[in-house]
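Peer 1: One structure, pasted below without further comment.
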Amino acid sequence: ETVAVVDIGYSYTGINIIKDNSSVFIRKVNSGGAAITKALTQTYIPPLPGSTGQVSEEGKVGLSLSDAEELKVKYGIPKEMSADTLDGKIAATRYASFLRPATERLLQEIERSLHYYSDESSGNRVNSLVLVGGGAGLKGLPEFLHENIGVVKALLNTTHGYTATQNLVDGPTRGKDMRRGRAAAQNIVPSSTGAAVSVTRAVKELANKFDGISL
């Protein structure tokens with residue numbers, strides 16, 4: 001079996017194709033979560049009536065990086081927009097038009113890598129595509145890639161702060177896994193995350209294909 005592991009990070013996306021437990025192709029693409037956020041900060045004119053967007057020197061308006069990141073996390077890659085404006089900051093149609101080139105570029109780079117591997121390996125094809133990295137949790141991204149490439153298995157991994165289920169100091173644990181009793185500051189034992197459950201509920205086609213872990 002040949003598996004492509006696509007690690008979508010903040011600045012870069014790593015593509016690693018593994019065949020028979022050996023890495024046979026590695027590529028680093030200069031496109032990640034930051035590129036998608038930056039695409040949303042484009043300035044435009046005329047401004048949306050009542051917009052609270054940041055005004056540029058030329059009189060144009062645009063989202064700040066913090067607003068763009070907030071909207072990206074909240075709305076992700078939408079299939080349909082029910083609202084005219086998003087949080088009063090940008091028109092939904094403009095948001096989608098700014099987002100599309102960045103997400104399509106990521107898709108094209110992944111497809112280009114898969115095609116290159118196939119051409120260089122006498123027609124061998126990738127059987128499975130595995131998504132990892134913080135960027136894999138972008139709303140709508142698994143569905144977007146599934147529609148265009150086909151996702152067999154996706155894995156989301158997140159790093160979070162202390163949670164209510166962790167001890168602040170070493171202590172006893174309720175379950176059988178003694179590692180869960182370590183102090184939160186010294187504990188990076190993977191655990192389940194509700195984000196993966198939410199994705200499969202929203203995108204039925206990814207049921208039994210999408211999972212997640214948190215550290």
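Chain labels A, B, ... are given in the sequence in which chains occur in the structure tokens; within each chain residues are numbered consecutively from 1, and ligands are likewise numbered from 1 in the order shown.
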Quick one: everything within 8 Å of region 64-77 of chain A, counting only C-alpha atoms, minus sequence neighbours fewer than 3 positions away in the same chain. Send it as a list in words.

Peer 2: Thr37, Lys38, Leu40, Thr41, Gly53, Gln54, Leu86, Ala96, Leu99, Leu138, Lys139, Gly140, Leu141 and Phe144 of chain A

Peer 1: Go ahead and write the residues just picked, N, CA, C and O atoms, as a compact mmCIF listing (two decimals), in the first residue's frame.

Peer 2:
```txt
# COMPACT_ATOMS: atom_id res chain seq x y z
N THR A 37 -4.92 32.62 5.78
CA THR A 37 -5.27 33.80 6.57
C THR A 37 -4.88 35.09 5.84
O THR A 37 -5.67 36.04 5.77
N LYS A 38 -3.67 35.11 5.27
CA LYS A 38 -3.20 36.31 4.57
C LYS A 38 -4.09 36.63 3.37
O LYS A 38 -4.32 37.81 3.06
N LEU A 40 -7.14 36.45 3.14
CA LEU A 40 -8.36 37.12 3.59
C LEU A 40 -8.14 38.58 3.96
O LEU A 40 -9.10 39.30 4.22
N THR A 41 -6.87 39.02 4.00
CA THR A 41 -6.57 40.40 4.40
C THR A 41 -6.45 41.33 3.20
O THR A 41 -6.01 42.48 3.35
N GLY A 53 -14.05 47.00 9.12
CA GLY A 53 -12.74 46.53 8.66
C GLY A 53 -11.69 47.61 8.77
O GLY A 53 -11.97 48.81 8.85
N GLN A 54 -10.44 47.19 8.78
CA GLN A 54 -9.31 48.10 8.87
C GLN A 54 -9.17 48.91 7.58
O GLN A 54 -9.23 48.37 6.49
N LEU A 86 -20.28 38.45 7.35
CA LEU A 86 -19.74 37.61 8.42
C LEU A 86 -19.30 38.49 9.58
O LEU A 86 -18.34 39.25 9.46
N ALA A 96 -15.53 34.35 0.50
CA ALA A 96 -15.36 33.13 -0.29
C ALA A 96 -14.43 33.35 -1.48
O ALA A 96 -13.60 32.49 -1.80
N LEU A 99 -10.85 33.54 -0.27
CA LEU A 99 -10.39 32.26 0.26
C LEU A 99 -10.07 31.26 -0.84
O LEU A 99 -9.12 30.47 -0.73
N LEU A 138 -9.03 22.74 9.81
CA LEU A 138 -9.79 23.85 9.25
C LEU A 138 -11.17 23.37 8.80
O LEU A 138 -11.28 22.38 8.07
N LYS A 139 -12.20 24.05 9.24
CA LYS A 139 -13.56 23.65 8.89
C LYS A 139 -13.73 23.58 7.38
O LYS A 139 -13.37 24.51 6.66
N GLY A 140 -14.28 22.48 6.91
CA GLY A 140 -14.55 22.32 5.49
C GLY A 140 -13.38 21.79 4.68
O GLY A 140 -13.57 21.38 3.54
N LEU A 141 -12.16 21.79 5.25
CA LEU A 141 -11.00 21.32 4.48
C LEU A 141 -11.06 19.84 4.17
O LEU A 141 -10.83 19.44 3.02
N PHE A 144 -13.50 19.46 1.42
CA PHE A 144 -12.98 20.07 0.19
C PHE A 144 -12.00 19.12 -0.51
O PHE A 144 -12.08 18.89 -1.72
```

Peer 1: List as a tab-separated table every residue of region 1-94 of chain A that is in contact with region 107-128 of chain A, defined as an atom at most 12 Å from one of its atoms (using only C-alpha atoms), together with the nearest atom pair and the distance in Å rounded to one decimal, sorted by chain and then rising number.

Peer 2:
```
residue	atom	partner	partner_atom	distance
A:Glu1	CA	A:Asn127	CA	6.3
A:Thr2	CA	A:Val126	CA	5.0
A:Val3	CA	A:Ser128	CA	4.7
A:Ala4	CA	A:Ser128	CA	6.2
A:Val5	CA	A:Ser128	CA	8.5
A:Val6	CA	A:Ile110	CA	8.0
A:Asp7	CA	A:Ile110	CA	10.7
A:Ile8	CA	A:Ile110	CA	10.6
A:Tyr12	CA	A:Glu109	CA	11.4
A:Thr13	CA	A:Ile110	CA	9.0
A:Gly14	CA	A:Ile110	CA	9.4
A:Ile15	CA	A:Ile110	CA	7.5
A:Asn16	CA	A:Ser113	CA	9.4
A:Ile17	CA	A:Val126	CA	7.8
A:Ile18	CA	A:Val126	CA	8.9
A:Lys19	CA	A:Val126	CA	8.7
A:Asp20	CA	A:Val126	CA	11.7
A:Ser23	CA	A:Tyr117	CA	11.8
A:Val24	CA	A:Tyr117	CA	8.8
A:Phe25	CA	A:Tyr117	CA	7.2
A:Ile26	CA	A:Ser113	CA	9.0
A:Arg27	CA	A:Ser113	CA	7.6
A:Lys28	CA	A:Glu109	CA	9.8
A:Val29	CA	A:Glu109	CA	7.2
A:Asn30	CA	A:Glu109	CA	9.4
A:Ser31	CA	A:Glu109	CA	8.7
A:Gly32	CA	A:Leu107	CA	10.9
```

Peer 1: DSSP on the backbone: which residues in region 42-152 of chain A end up as alpha helix (DSSP H)? Give the answer as a ChimeraX atom specification.

Peer 2: /A:65-75,92-120,141-148

Peer 1: Just give me the gap between CA of Leu168 (chain A) and CA of Ala184 (chain A) in Å, one decimal is fine.

Peer 2: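 That distance, rounded to one decimal, is 5.5 Å.
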
Peer 1: Rounded to one decimal in Å, what is the spacing between CA of Thr103 (chain A) and CA of Gly88 (chain A)?

Peer 2: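 For CA of Thr103 (chain A) relative to CA of Gly88 (chain A), the distance reads 23.3 Å.
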
Peer 1: A:Glu143, A:Glu80, A:Asp87, A:Glu104: which is nearest Ala35 (chain A), counting only C-alpha atoms?

Peer 2: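 Smallest separation from Ala35 (chain A) among the options: A:Glu104.
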
Peer 1: Would you mind telling me which residue in A:Leu129, A:Glu147, A:Thr93, A:Gly33 lies nearest to Ser11 (chain A) when using only C-alpha atoms?

Peer 2: A:Gly33

Peer 1: Enumerate, as a count of residues only, the complete set of residues in region 10-161 of chain A that a backbone-based DSSP assignment places in strand (DSSP E).

Peer 2: 34

Peer 1: I'd like the interatomic distance between CA of Ala34 (chain A) and CA of Tyr10 (chain A), to a tenth of an Å.

Peer 2: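 Atom-to-atom, CA of Ala34 (chain A) and CA of Tyr10 (chain A) are spaced 5.3 Å apart.
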